[in-house]
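K.L.:
To be precise about what I am sending: the file is called upload-v8.cif and holds mmCIF, C-alpha atoms.
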data_entry
#
loop_
_atom_site.label_atom_id
_atom_site.label_comp_id
_atom_site.auth_asym_id
_atom_site.auth_seq_id
_atom_site.Cartn_x
_atom_site.Cartn_y
_atom_site.Cartn_z
CA MET N 1 -32.50 133.50 -37.58
CA GLY N 2 -34.38 131.18 -39.90
CA VAL N 3 -37.30 128.80 -39.61
CA PHE N 4 -38.42 126.41 -42.32
CA ALA N 5 -40.48 123.25 -42.59
CA ASN N 6 -38.95 120.00 -43.81
CA GLU N 7 -40.53 117.66 -46.33
CA ASP N 8 -39.75 114.61 -44.18
CA GLN N 9 -42.87 115.38 -42.17
CA GLU N 10 -45.03 114.14 -45.06
CA SER N 11 -43.58 110.62 -45.02
CA SER N 12 -43.33 110.47 -41.22
CA GLY N 13 -46.93 111.48 -40.52
CA HIS N 14 -45.89 114.56 -38.55
CA GLU N 15 -48.00 117.69 -38.53
CA GLN N 16 -44.98 119.96 -38.53
CA VAL N 17 -41.18 119.75 -38.58
CA VAL N 18 -39.29 122.98 -38.03
CA PHE N 19 -35.58 123.60 -38.49
CA CYS N 20 -34.12 126.40 -36.37
CA HIS N 21 -30.78 128.06 -37.10
CA ASP N 22 -29.10 131.00 -35.42
CA LYS N 23 -25.56 131.31 -36.77
CA PRO N 24 -24.11 133.77 -34.19
CA THR N 25 -24.88 131.45 -31.26
CA GLY N 26 -24.24 128.20 -33.16
CA LEU N 27 -27.81 127.03 -32.60
CA LYS N 28 -28.98 124.26 -34.89
CA ALA N 29 -32.22 122.73 -33.66
CA ILE N 30 -35.15 120.73 -34.99
CA ILE N 31 -38.63 120.77 -33.45
CA GLY N 32 -40.93 117.92 -34.40
CA ILE N 33 -44.68 118.07 -33.79
CA TYR N 34 -46.23 114.68 -34.45
CA SER N 35 -49.78 115.35 -33.32
CA THR N 36 -51.89 117.95 -31.57
CA ALA N 37 -55.04 115.80 -31.61
CA LEU N 38 -55.20 115.77 -27.80
CA GLY N 39 -53.86 119.28 -27.25
CA PRO N 40 -50.60 121.25 -27.54
CA ALA N 41 -47.60 119.03 -28.22
CA LEU N 42 -45.40 118.39 -25.18
CA GLY N 43 -41.93 116.88 -25.07
CA GLY N 44 -38.38 117.65 -24.01
CA THR N 45 -35.36 119.12 -25.76
CA ARG N 46 -32.41 116.80 -26.35
CA PHE N 47 -28.98 118.47 -26.67
CA TYR N 48 -26.67 115.93 -28.32
CA PRO N 49 -23.65 115.84 -30.69
CA TYR N 50 -25.24 113.86 -33.52
CA ALA N 51 -22.87 112.66 -36.21
CA THR N 52 -25.03 114.12 -38.99
CA GLU N 53 -28.11 116.26 -39.46
CA ASP N 54 -29.93 113.18 -40.78
CA ASP N 55 -29.26 111.45 -37.45
CA ALA N 56 -30.67 114.43 -35.57
CA LEU N 57 -33.75 114.52 -37.79
CA ARG N 58 -34.34 110.80 -37.45
CA ASP N 59 -34.13 111.06 -33.66
CA VAL N 60 -36.54 113.98 -33.37
CA LEU N 61 -39.08 112.27 -35.63
CA ASP N 62 -38.94 109.05 -33.60
CA LEU N 63 -39.00 110.85 -30.26
CA SER N 64 -41.89 113.17 -31.10
CA ARG N 65 -44.01 110.29 -32.37
CA GLY N 66 -43.25 108.39 -29.17
CA MET N 67 -44.32 111.40 -27.11
CA ALA N 68 -47.74 111.43 -28.80
CA TYR N 69 -48.33 107.83 -27.74
CA LYS N 70 -46.83 108.42 -24.29
CA ASN N 71 -48.98 111.44 -23.57
CA ALA N 72 -52.08 109.66 -24.82
CA LEU N 73 -51.63 106.67 -22.51
CA ALA N 74 -50.64 108.91 -19.60
CA GLY N 75 -54.11 110.43 -19.85
CA LEU N 76 -52.76 113.89 -20.65
CA ASP N 77 -54.47 116.48 -22.82
CA HIS N 78 -51.30 116.94 -24.84
CA GLY N 79 -50.09 115.84 -28.21
CA GLY N 80 -46.61 114.63 -29.06
CA GLY N 81 -43.63 116.83 -29.75
CA LYS N 82 -39.89 116.80 -29.25
CA ALA N 83 -36.88 118.93 -30.07
CA VAL N 84 -33.19 118.28 -30.58
CA ILE N 85 -30.32 120.73 -30.48
CA TRP N 86 -27.49 119.44 -32.64
CA GLY N 87 -24.10 119.92 -30.97
CA ASP N 88 -21.99 119.13 -27.94
CA PRO N 89 -23.56 120.86 -24.93
CA GLU N 90 -20.18 120.88 -23.19
CA GLN N 91 -18.79 122.97 -26.02
CA ILE N 92 -21.54 125.24 -27.34
CA LYS N 93 -24.27 125.59 -24.72
CA SER N 94 -24.64 129.23 -23.70
CA GLU N 95 -27.25 131.67 -22.43
CA ALA N 96 -27.54 133.25 -25.86
CA LEU N 97 -28.02 129.89 -27.60
CA LEU N 98 -30.69 128.75 -25.16
CA ARG N 99 -32.52 132.06 -25.42
CA ALA N 100 -32.37 131.91 -29.21
CA TYR N 101 -33.90 128.46 -28.99
CA GLY N 102 -36.59 129.83 -26.69
CA ARG N 103 -37.58 132.38 -29.31
CA PHE N 104 -38.11 129.60 -31.85
CA VAL N 105 -40.33 127.77 -29.36
CA GLN N 106 -42.29 130.98 -28.79
CA SER N 107 -42.71 131.44 -32.54
CA LEU N 108 -44.89 128.30 -32.61
CA ASN N 109 -47.48 130.15 -30.50
CA GLY N 110 -48.18 127.34 -28.05
CA ARG N 111 -48.34 124.42 -30.47
CA TYR N 112 -45.31 122.99 -28.63
CA TYR N 113 -44.27 123.04 -24.96
CA THR N 114 -40.67 122.09 -24.26
CA ALA N 115 -38.94 120.60 -21.20
CA CYS N 116 -35.70 118.83 -20.20
CA ASP N 117 -34.19 115.78 -21.86
CA VAL N 118 -30.71 114.34 -22.41
CA GLY N 119 -28.21 117.20 -22.27
CA THR N 120 -30.63 119.80 -20.90
CA TYR N 121 -31.45 120.55 -17.30
CA VAL N 122 -33.79 122.57 -15.09
CA ALA N 123 -31.42 125.54 -15.11
CA ASP N 124 -31.46 125.48 -18.92
CA MET N 125 -35.26 125.59 -18.98
CA ASP N 126 -35.18 128.66 -16.74
CA VAL N 127 -33.01 130.35 -19.37
CA VAL N 128 -35.22 129.21 -22.27
CA ALA N 129 -38.22 130.56 -20.34
CA ARG N 130 -36.82 134.09 -20.54
CA GLU N 131 -37.89 134.06 -24.19
CA THR N 132 -40.98 131.82 -24.17
CA ARG N 133 -43.85 130.98 -21.86
CA PHE N 134 -44.25 127.55 -23.46
CA VAL N 135 -41.71 125.76 -21.29
CA THR N 136 -41.98 123.33 -18.39
CA GLY N 137 -39.48 121.45 -16.25
CA ARG N 138 -38.50 124.70 -14.52
CA SER N 139 -36.90 125.16 -11.13
CA VAL N 140 -38.92 125.29 -7.94
CA VAL N 141 -37.97 128.93 -7.34
CA HIS N 142 -39.60 129.78 -10.66
CA GLY N 143 -42.77 127.84 -9.87
CA GLY N 144 -41.71 124.64 -11.59
CA ALA N 145 -41.46 121.03 -10.55
CA GLY N 146 -37.69 120.74 -10.56
CA ASP N 147 -36.04 117.52 -11.70
CA SER N 148 -38.53 115.45 -13.75
CA SER N 149 -36.39 112.33 -13.35
CA ILE N 150 -37.91 111.86 -9.90
CA LEU N 151 -41.31 110.83 -11.20
CA THR N 152 -39.85 109.25 -14.34
CA ALA N 153 -38.02 106.75 -12.16
CA TRP N 154 -41.07 106.30 -9.93
CA GLY N 155 -43.21 105.50 -12.97
CA VAL N 156 -40.67 103.01 -14.32
CA PHE N 157 -40.69 101.32 -10.93
CA GLN N 158 -44.50 101.13 -11.00
CA GLY N 159 -44.46 99.65 -14.50
CA MET N 160 -41.86 97.15 -13.41
CA ARG N 161 -44.02 96.14 -10.44
CA ALA N 162 -46.97 95.57 -12.78
CA ALA N 163 -44.83 93.40 -15.06
CA ALA N 164 -43.59 91.42 -12.05
CA GLU N 165 -47.15 90.82 -10.92
CA HIS N 166 -48.19 89.74 -14.42
CA LEU N 167 -45.32 87.28 -14.77
CA TRP N 168 -44.58 86.13 -11.24
CA GLY N 169 -47.86 86.84 -9.45
CA THR N 170 -46.69 89.49 -6.99
CA PRO N 171 -46.11 93.24 -7.52
CA THR N 172 -42.62 93.42 -6.06
CA LEU N 173 -39.04 93.08 -7.21
CA ALA N 174 -37.93 91.63 -3.89
CA GLY N 175 -35.58 88.74 -4.47
CA ARG N 176 -35.21 89.59 -8.18
CA ARG N 177 -32.00 90.65 -9.88
CA VAL N 178 -32.45 93.81 -11.94
CA GLY N 179 -29.97 95.10 -14.50
CA VAL N 180 -29.89 98.89 -14.87
CA ALA N 181 -28.18 100.17 -18.01
CA GLY N 182 -27.40 103.82 -17.42
CA LEU N 183 -26.90 105.52 -14.06
CA GLY N 184 -27.96 108.97 -15.15
CA LYS N 185 -30.75 111.09 -13.75
CA VAL N 186 -33.36 108.31 -13.97
CA GLY N 187 -31.15 105.28 -13.37
CA LYS N 188 -29.86 106.64 -10.08
CA VAL N 189 -33.33 107.18 -8.62
CA LEU N 190 -34.62 103.88 -10.00
CA THR N 191 -31.72 102.06 -8.34
CA ARG N 192 -32.78 103.47 -4.97
CA HIS N 193 -36.39 102.30 -5.45
CA LEU N 194 -35.24 98.82 -6.43
CA LEU N 195 -32.92 98.45 -3.46
CA ASP N 196 -35.60 99.72 -1.10
CA ASP N 197 -37.95 97.09 -2.55
CA GLY N 198 -35.49 94.29 -1.82
CA ALA N 199 -34.11 93.73 -5.31
CA ALA N 200 -30.48 93.00 -6.13
CA VAL N 201 -29.10 95.45 -8.70
CA VAL N 202 -26.39 95.03 -11.32
CA ALA N 203 -25.58 98.15 -13.32
CA THR N 204 -23.32 99.84 -15.84
CA ASP N 205 -22.68 103.26 -17.33
CA VAL N 206 -20.31 104.74 -19.90
CA SER N 207 -19.40 107.50 -17.44
CA GLU N 208 -16.72 106.80 -14.87
CA LYS N 209 -18.23 109.56 -12.76
CA ALA N 210 -21.54 107.69 -12.62
CA LEU N 211 -19.79 104.45 -11.72
CA ALA N 212 -17.86 106.20 -8.96
CA TRP N 213 -21.17 107.54 -7.61
CA ALA N 214 -22.56 104.00 -7.51
CA ARG N 215 -19.51 102.61 -5.72
CA GLU N 216 -19.73 105.29 -3.07
CA THR N 217 -23.51 105.52 -2.66
CA TYR N 218 -24.61 101.91 -3.14
CA PRO N 219 -21.63 99.57 -2.68
CA GLN N 220 -24.04 96.61 -2.77
CA VAL N 221 -24.71 97.25 -6.49
CA ASP N 222 -22.71 94.97 -8.79
CA LEU N 223 -21.05 96.93 -11.58
CA VAL N 224 -20.18 95.38 -14.94
CA ALA N 225 -18.02 96.65 -17.78
CA ASP N 226 -20.67 97.60 -20.34
CA ALA N 227 -24.21 97.03 -21.61
CA ASP N 228 -23.18 93.87 -23.46
CA ALA N 229 -21.97 92.33 -20.22
CA LEU N 230 -25.13 93.47 -18.45
CA ILE N 231 -27.63 91.90 -20.83
CA ALA N 232 -25.69 88.64 -20.79
CA SER N 233 -25.74 88.61 -16.98
CA ASP N 234 -27.99 86.39 -14.91
CA ILE N 235 -30.74 88.98 -14.42
CA ASP N 236 -34.51 88.73 -14.08
CA VAL N 237 -35.31 92.25 -15.28
CA TYR N 238 -33.50 94.48 -17.76
CA ALA N 239 -33.96 98.25 -17.36
CA PRO N 240 -32.49 100.29 -20.25
CA CYS N 241 -32.15 103.84 -18.89
CA ALA N 242 -29.82 105.52 -21.38
CA LEU N 243 -30.28 106.25 -25.09
CA GLY N 244 -32.70 104.43 -27.40
CA GLY N 245 -32.24 101.35 -29.56
CA ALA N 246 -31.13 99.11 -26.68
CA LEU N 247 -33.29 96.23 -27.90
CA ASN N 248 -31.96 95.11 -31.27
CA ASP N 249 -31.42 91.80 -33.07
CA ASP N 250 -28.08 91.20 -31.37
CA THR N 251 -29.00 92.17 -27.80
CA VAL N 252 -32.35 90.38 -27.75
CA GLU N 253 -30.68 87.20 -28.92
CA VAL N 254 -28.48 87.02 -25.80
CA LEU N 255 -30.74 88.77 -23.28
CA ARG N 256 -31.33 86.51 -20.25
CA ALA N 257 -33.92 88.65 -18.46
CA LYS N 258 -37.59 87.66 -18.50
CA VAL N 259 -38.84 91.26 -18.17
CA VAL N 260 -37.78 94.48 -19.89
CA ALA N 261 -38.91 97.73 -18.24
CA GLY N 262 -36.73 100.83 -18.38
CA GLY N 263 -36.59 104.59 -18.60
CA ALA N 264 -35.02 105.00 -22.05
CA ASN N 265 -37.11 106.20 -24.97
CA ASN N 266 -37.46 104.22 -28.22
CA GLN N 267 -35.94 101.03 -26.85
CA LEU N 268 -37.03 98.92 -29.85
CA ALA N 269 -34.39 99.39 -32.54
CA HIS N 270 -36.81 98.59 -35.36
CA PRO N 271 -40.34 97.28 -35.95
CA GLY N 272 -40.54 93.55 -35.34
CA ILE N 273 -38.29 93.46 -32.29
CA GLU N 274 -41.39 93.35 -30.08
CA LYS N 275 -42.33 90.02 -31.73
CA VAL N 276 -38.81 88.63 -31.27
CA LEU N 277 -39.05 89.47 -27.56
CA ALA N 278 -42.44 87.77 -27.31
CA ASP N 279 -41.20 84.69 -29.17
CA ARG N 280 -38.32 84.40 -26.70
CA GLY N 281 -40.73 84.60 -23.77
CA ILE N 282 -39.51 88.03 -22.65
CA LEU N 283 -42.21 90.31 -21.27
CA TYR N 284 -41.74 93.83 -22.60
CA ALA N 285 -43.36 96.70 -20.70
CA PRO N 286 -43.57 99.37 -23.45
CA ASP N 287 -41.10 102.15 -22.78
CA TYR N 288 -43.44 105.03 -23.49
CA VAL N 289 -45.92 103.63 -20.98
CA VAL N 290 -43.61 103.05 -18.03
CA ASN N 291 -41.38 106.11 -18.45
CA ALA N 292 -44.28 108.60 -18.62
CA GLY N 293 -43.78 109.85 -15.05
CA GLY N 294 -41.54 112.69 -16.19
CA VAL N 295 -43.99 114.08 -18.71
CA ILE N 296 -46.78 113.71 -16.16
CA GLN N 297 -44.69 115.82 -13.79
CA VAL N 298 -43.88 118.59 -16.25
CA ALA N 299 -47.45 118.65 -17.62
CA ASP N 300 -48.67 119.28 -14.09
CA GLU N 301 -46.66 122.50 -14.05
CA ILE N 302 -48.90 124.02 -16.70
CA GLU N 303 -51.83 124.12 -14.28
CA GLY N 304 -49.67 125.04 -11.27
CA PHE N 305 -47.43 122.29 -9.94
CA ASN N 306 -48.50 120.07 -7.07
CA PHE N 307 -46.13 117.17 -6.43
CA GLU N 308 -48.61 114.93 -4.63
CA ARG N 309 -51.17 115.36 -7.41
CA ALA N 310 -48.53 114.55 -10.03
CA LYS N 311 -47.33 111.50 -8.10
CA LEU N 312 -50.89 110.18 -7.84
CA ARG N 313 -51.14 110.46 -11.61
CA ALA N 314 -47.81 108.68 -12.00
CA ASN N 315 -49.06 105.88 -9.75
CA ARG N 316 -51.57 105.05 -12.48
CA ILE N 317 -48.70 103.81 -14.64
CA TYR N 318 -48.99 100.60 -12.63
CA ASP N 319 -52.64 100.18 -13.64
CA THR N 320 -52.03 101.18 -17.26
CA THR N 321 -49.15 98.73 -17.62
CA ARG N 322 -51.19 95.94 -16.02
CA ASP N 323 -54.13 96.63 -18.36
CA ILE N 324 -51.89 96.62 -21.44
CA LEU N 325 -50.27 93.32 -20.49
CA ARG N 326 -53.68 91.75 -19.92
CA LEU N 327 -54.98 93.12 -23.22
CA ALA N 328 -51.93 91.77 -25.04
CA ASP N 329 -52.61 88.30 -23.67
CA ALA N 330 -56.30 88.51 -24.52
CA GLU N 331 -55.68 89.64 -28.10
CA GLY N 332 -52.63 87.44 -28.68
CA VAL N 333 -50.34 90.34 -29.59
CA PRO N 334 -47.10 91.72 -28.10
CA PRO N 335 -47.59 94.38 -25.38
CA ALA N 336 -46.14 97.06 -27.66
CA VAL N 337 -48.91 96.42 -30.18
CA ALA N 338 -51.60 96.48 -27.47
CA ALA N 339 -50.22 99.78 -26.14
CA ASP N 340 -50.18 101.33 -29.62
CA ARG N 341 -53.80 100.34 -30.16
CA LEU N 342 -54.93 101.92 -26.90
CA ALA N 343 -53.01 105.14 -27.60
CA GLU N 344 -54.31 105.40 -31.16
CA ARG N 345 -57.86 104.78 -29.97
CA ARG N 346 -57.65 107.65 -27.46
CA MET N 347 -56.09 110.03 -29.98
CA ALA N 348 -58.83 109.22 -32.50
CA GLU N 349 -61.76 109.30 -30.08
CA VAL N 350 -60.78 112.43 -28.18
CA GLY N 351 -59.24 114.16 -31.17
CA ARG N 352 -62.52 113.77 -33.05
CA LEU N 353 -64.22 116.00 -30.49
CA ARG N 354 -62.47 118.99 -32.02
CA THR N 355 -64.82 118.68 -34.98
CA ILE N 356 -67.64 119.76 -32.65
CA HIS N 357 -67.44 123.50 -33.16
CA LEU N 358 -68.09 125.81 -30.22
CA SER N 359 -69.54 129.28 -30.64
#
Go through the file and emit its structure as structure tokens.
P.N.:
Amino acid sequence: MGVFANEDQESSGHEQVVFCHDKPTGLKAIIGIYSTALGPALGGTRFYPYATEDDALRDVLDLSRGMAYKNALAGLDHGGGKAVIWGDPEQIKSEALLRAYGRFVQSLNGRYYTACDVGTYVADMDVVARETRFVTGRSVVHGGAGDSSILTAWGVFQGMRAAAEHLWGTPTLAGRRVGVAGLGKVGKVLTRHLLDDGAAVVATDVSEKALAWARETYPQVDLVADADALIASDIDVYAPCALGGALNDDTVEVLRAKVVAGGANNQLAHPGIEKVLADRGILYAPDYVVNAGGVIQVADEIEGFNFERAKLRANRIYDTTRDILRLADAEGVPPAVAADRLAERRMAEVGRLRTIHLS
């Protein structure tokens, strides 16, 4: 096994970037710790077949930074961290690989808590936990919360309600047409909330299995060929719920929705897209604000999981989103800028308290 820091952390502003390699199991992972100003870094592990190591590094740096801001605005006493395992989980995931990864997490001595993300599941976290105590998102039988997508979707729905109230004057999606891009763990649950609220849903997914699930479970959902067709559809709200970068120069140009609120991380493909959205009159509910329900859920595990307590905390996403949208209007800036300012303020103000030394 080997662990070594990477110089990219200096230019990215990260506290620590660790590369993890265990040749016998095929493990190649990167753990990024952006900030521990508010407490131990917390963020999931993404298992994905990146084209290159540079792509994997870029993703973990972006994701871990986003987690710092997400955790700050969720009111958690956690900093931002994230990990990626580079490879196809269908081909190389094994008990030995996951346990090797767990030992790397343990080697950080609590600076980073891991959890589920794309390509990793509750059962995987149970395996990782056999080598480290710094893991959340575990199964109920092991004292965990189970599937974190439950409260992720609930939080997205609350953020969407706040955006609807801000734009249309009422906190409901009833009568609105919502486009859901990605019918994975979060998209499926979000679809149920939207239909229960009286919304019409149009959706897409790259997986035929996911589309078959939608046809069987919710035949009233309109399915379109791909994300390009979805964003060009006559929709009121766009909910990206797959991988990041959904909002780029090309997609924003043709997007017909008036609200964007979804479960995907890092939806803005590059800095400046938030201004393009604002100039087009599209209200963007910042992704790391509305999709914080999952991290709220797994953070609750650390003190002994209680679902109702975690859901009450996730309910506050509605209030946080509403406050950010109001602040953005008051300061004449896009919501993403207002959200960043609030997160940075909390990290600075609370993080400063660590300079008060205790005997």
K.L.:
So what does the PyMOL selection byres ((chain N and resi 73) around 10) actually pick up in this one, as number ranges by chain?
P.N.:
N: 67-72, 74-76, 288-290, 292, 317, 320-321, 339-340, 342-347
K.L.:
Counting all atoms listed in the file, which residue out of N:Val140, N:Leu353, N:Ala181, N:Val295 sits closest to Leu247 in chain N?
P.N.:
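For Leu247 in chain N, the nearest of the candidates is N:Ala181.
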K.L.:
Ranking N:Val156, N:Leu223, N:Val350, N:Leu255 by minimum distance to Tyr238 in chain N and counting all atoms listed in the file, which one comes first?
P.N.:
N:Leu255
K.L.:
When distances are computed from all atoms listed in the file, which of N:Arg177, N:Arg215, N:Arg99, N:His270 shows the smallest separation from Ser233 in chain N?
P.N.:
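Once distances to Ser233 in chain N are computed over all atoms listed in the file, the minimum belongs to N:Arg177.
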K.L.:
Written as a PyMOL selection string, which residues does the PyMOL selection byres ((chain N and resi 324) around 12) give for the file shown?
P.N.:
chain N and resi 73+159+162-163+166+283-286+289-290+317-323+325-343
K.L.:
Please save C-alpha atoms of the selected residues as a compact mmCIF listing (two decimals), in the frame of the given file.
P.N.:
# COMPACT_ATOMS: atom_id res chain seq x y z
CA LEU N 73 -51.63 106.67 -22.51
CA GLY N 159 -44.46 99.65 -14.50
CA ALA N 162 -46.97 95.57 -12.78
CA ALA N 163 -44.83 93.40 -15.06
CA HIS N 166 -48.19 89.74 -14.42
CA LEU N 283 -42.21 90.31 -21.27
CA TYR N 284 -41.74 93.83 -22.60
CA ALA N 285 -43.36 96.70 -20.70
CA PRO N 286 -43.57 99.37 -23.45
CA VAL N 289 -45.92 103.63 -20.98
CA VAL N 290 -43.61 103.05 -18.03
CA ILE N 317 -48.70 103.81 -14.64
CA TYR N 318 -48.99 100.60 -12.63
CA ASP N 319 -52.64 100.18 -13.64
CA THR N 320 -52.03 101.18 -17.26
CA THR N 321 -49.15 98.73 -17.62
CA ARG N 322 -51.19 95.94 -16.02
CA ASP N 323 -54.13 96.63 -18.36
CA LEU N 325 -50.27 93.32 -20.49
CA ARG N 326 -53.68 91.75 -19.92
CA LEU N 327 -54.98 93.12 -23.22
CA ALA N 328 -51.93 91.77 -25.04
CA ASP N 329 -52.61 88.30 -23.67
CA ALA N 330 -56.30 88.51 -24.52
CA GLU N 331 -55.68 89.64 -28.10
CA GLY N 332 -52.63 87.44 -28.68
CA VAL N 333 -50.34 90.34 -29.59
CA PRO N 334 -47.10 91.72 -28.10
CA PRO N 335 -47.59 94.38 -25.38
CA ALA N 336 -46.14 97.06 -27.66
CA VAL N 337 -48.91 96.42 -30.18
CA ALA N 338 -51.60 96.48 -27.47
CA ALA N 339 -50.22 99.78 -26.14
CA ASP N 340 -50.18 101.33 -29.62
CA ARG N 341 -53.80 100.34 -30.16
CA LEU N 342 -54.93 101.92 -26.90
CA ALA N 343 -53.01 105.14 -27.60
K.L.:
Please return the centre and edge lengths, in Å to one decimal, of a box with edges along x, y and z that contains all listed atoms of range 282-299 of chain N, widened by 8 Å on every side, as JSON.
P.N.:
{"center_x": -43.5, "center_y": 103.3, "center_z": -18.6, "size_x": 23.9, "size_y": 46.6, "size_z": 25.7}
K.L.:
Selection in question (the file shown): the PyMOL selection byres ((chain N and resi 81) around 12). Which residues does it include, as JSON, numbers by chain?
P.N.:
{"N": [14, 15, 16, 17, 18, 30, 31, 32, 33, 34, 35, 36, 37, 38, 39, 40, 41, 42, 43, 44, 45, 46, 59, 60, 61, 62, 63, 64, 65, 66, 67, 68, 69, 70, 71, 78, 79, 80, 82, 83, 84, 105, 108, 110, 111, 112, 113, 114, 115, 295]}
K.L.:
Mind writing the picked residues with C-alpha atoms as a short mmCIF file (atom, residue, chain, number, x, y, z; two decimals), in the frame of the given file?
P.N.:
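The resulting again_7.cif:
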data_model
loop_
_atom_site.label_atom_id
_atom_site.label_comp_id
_atom_site.auth_asym_id
_atom_site.auth_seq_id
_atom_site.Cartn_x
_atom_site.Cartn_y
_atom_site.Cartn_z
CA HIS N 14 -45.89 114.56 -38.55
CA GLU N 15 -48.00 117.69 -38.53
CA GLN N 16 -44.98 119.96 -38.53
CA VAL N 17 -41.18 119.75 -38.58
CA VAL N 18 -39.29 122.98 -38.03
CA ILE N 30 -35.15 120.73 -34.99
CA ILE N 31 -38.63 120.77 -33.45
CA GLY N 32 -40.93 117.92 -34.40
CA ILE N 33 -44.68 118.07 -33.79
CA TYR N 34 -46.23 114.68 -34.45
CA SER N 35 -49.78 115.35 -33.32
CA THR N 36 -51.89 117.95 -31.57
CA ALA N 37 -55.04 115.80 -31.61
CA LEU N 38 -55.20 115.77 -27.80
CA GLY N 39 -53.86 119.28 -27.25
CA PRO N 40 -50.60 121.25 -27.54
CA ALA N 41 -47.60 119.03 -28.22
CA LEU N 42 -45.40 118.39 -25.18
CA GLY N 43 -41.93 116.88 -25.07
CA GLY N 44 -38.38 117.65 -24.01
CA THR N 45 -35.36 119.12 -25.76
CA ARG N 46 -32.41 116.80 -26.35
CA ASP N 59 -34.13 111.06 -33.66
CA VAL N 60 -36.54 113.98 -33.37
CA LEU N 61 -39.08 112.27 -35.63
CA ASP N 62 -38.94 109.05 -33.60
CA LEU N 63 -39.00 110.85 -30.26
CA SER N 64 -41.89 113.17 -31.10
CA ARG N 65 -44.01 110.29 -32.37
CA GLY N 66 -43.25 108.39 -29.17
CA MET N 67 -44.32 111.40 -27.11
CA ALA N 68 -47.74 111.43 -28.80
CA TYR N 69 -48.33 107.83 -27.74
CA LYS N 70 -46.83 108.42 -24.29
CA ASN N 71 -48.98 111.44 -23.57
CA HIS N 78 -51.30 116.94 -24.84
CA GLY N 79 -50.09 115.84 -28.21
CA GLY N 80 -46.61 114.63 -29.06
CA LYS N 82 -39.89 116.80 -29.25
CA ALA N 83 -36.88 118.93 -30.07
CA VAL N 84 -33.19 118.28 -30.58
CA VAL N 105 -40.33 127.77 -29.36
CA LEU N 108 -44.89 128.30 -32.61
CA GLY N 110 -48.18 127.34 -28.05
CA ARG N 111 -48.34 124.42 -30.47
CA TYR N 112 -45.31 122.99 -28.63
CA TYR N 113 -44.27 123.04 -24.96
CA THR N 114 -40.67 122.09 -24.26
CA ALA N 115 -38.94 120.60 -21.20
CA VAL N 295 -43.99 114.08 -18.71
#
K.L.:
To one decimal place in Å, what is the distance between CA of Trp168 in chain N and CA of Val237 in chain N?
P.N.:
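Computing it gives 11.8 Å between the two atoms.
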K.L.:
With only C-alpha atoms as the counted atoms, please give the residues lying no more than 6 Å from Gly293 in chain N, apart from itself and same-chain residues fewer than 4 positions off, as a list in words.
P.N.:
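Using only C-alpha atoms, the neighbours found are Leu151, Thr152, Gly155 and Ala314 of chain N.
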K.L.:
Would you mind telling me which residue in N:Ala199, N:Ile150, N:Ile356, N:Arg176 lies nearest to Ala310 in chain N when using all atoms listed in the file?
P.N.:
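So, comparing all the options, the nearest one is N:Ile150.
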K.L.:
Find the residues near Leu195 in chain N: any atom within 12 Å, counting all atoms listed in the file, skip ones fewer than 3 places away on the same chain, and give them as a count of residues only.
P.N.:
25
K.L.:
Could you tell me how far CA of Thr52 in chain N lies from CA of Ser107 in chain N, in Å and to one decimal?
P.N.:
25.6 Å
K.L.:
Please report as CSV every residue of range 136-248 of chain N lying within 10 Å of range 116-130 of chain N, along with the nearest atom pair and their distance in Å (one decimal), using all atoms listed in the file.
P.N.:
residue,atom,partner,partner_atom,distance
N:Thr136,CA,N:Met125,CA,7.1
N:Gly137,CA,N:Val122,CA,5.9
N:Arg138,CA,N:Val122,CA,5.2
N:Ser139,CA,N:Val122,CA,5.7
N:Val140,CA,N:Val122,CA,9.2
N:Val141,CA,N:Asp126,CA,9.8
N:His142,CA,N:Asp126,CA,7.6
N:Gly144,CA,N:Val122,CA,8.9
N:Ala145,CA,N:Val122,CA,9.0
N:Gly146,CA,N:Val122,CA,6.3
N:Asp147,CA,N:Val122,CA,6.5
N:Ser148,CA,N:Cys116,CA,7.8
N:Ser149,CA,N:Asp117,CA,9.4
N:Gly184,CA,N:Val118,CA,9.4
N:Lys185,CA,N:Val118,CA,9.2
N:Ala242,CA,N:Val118,CA,8.9
N:Leu243,CA,N:Val118,CA,8.5
K.L.:
Could you tell me how far CA of Phe19 in chain N lies from CA of Asp55 in chain N, in Å and to one decimal?
P.N.:
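Answer for the CA of Phe19 in chain N to CA of Asp55 in chain N separation: 13.7 Å.
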K.L.:
Of the candidates N:Ile85, N:Ala257, N:Leu97, N:Leu167, which shows the shortest atom-to-atom distance to Thr25 in chain N, using only C-alpha atoms?
P.N.:
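Answer, going by the shortest atom-to-atom distance: N:Leu97.
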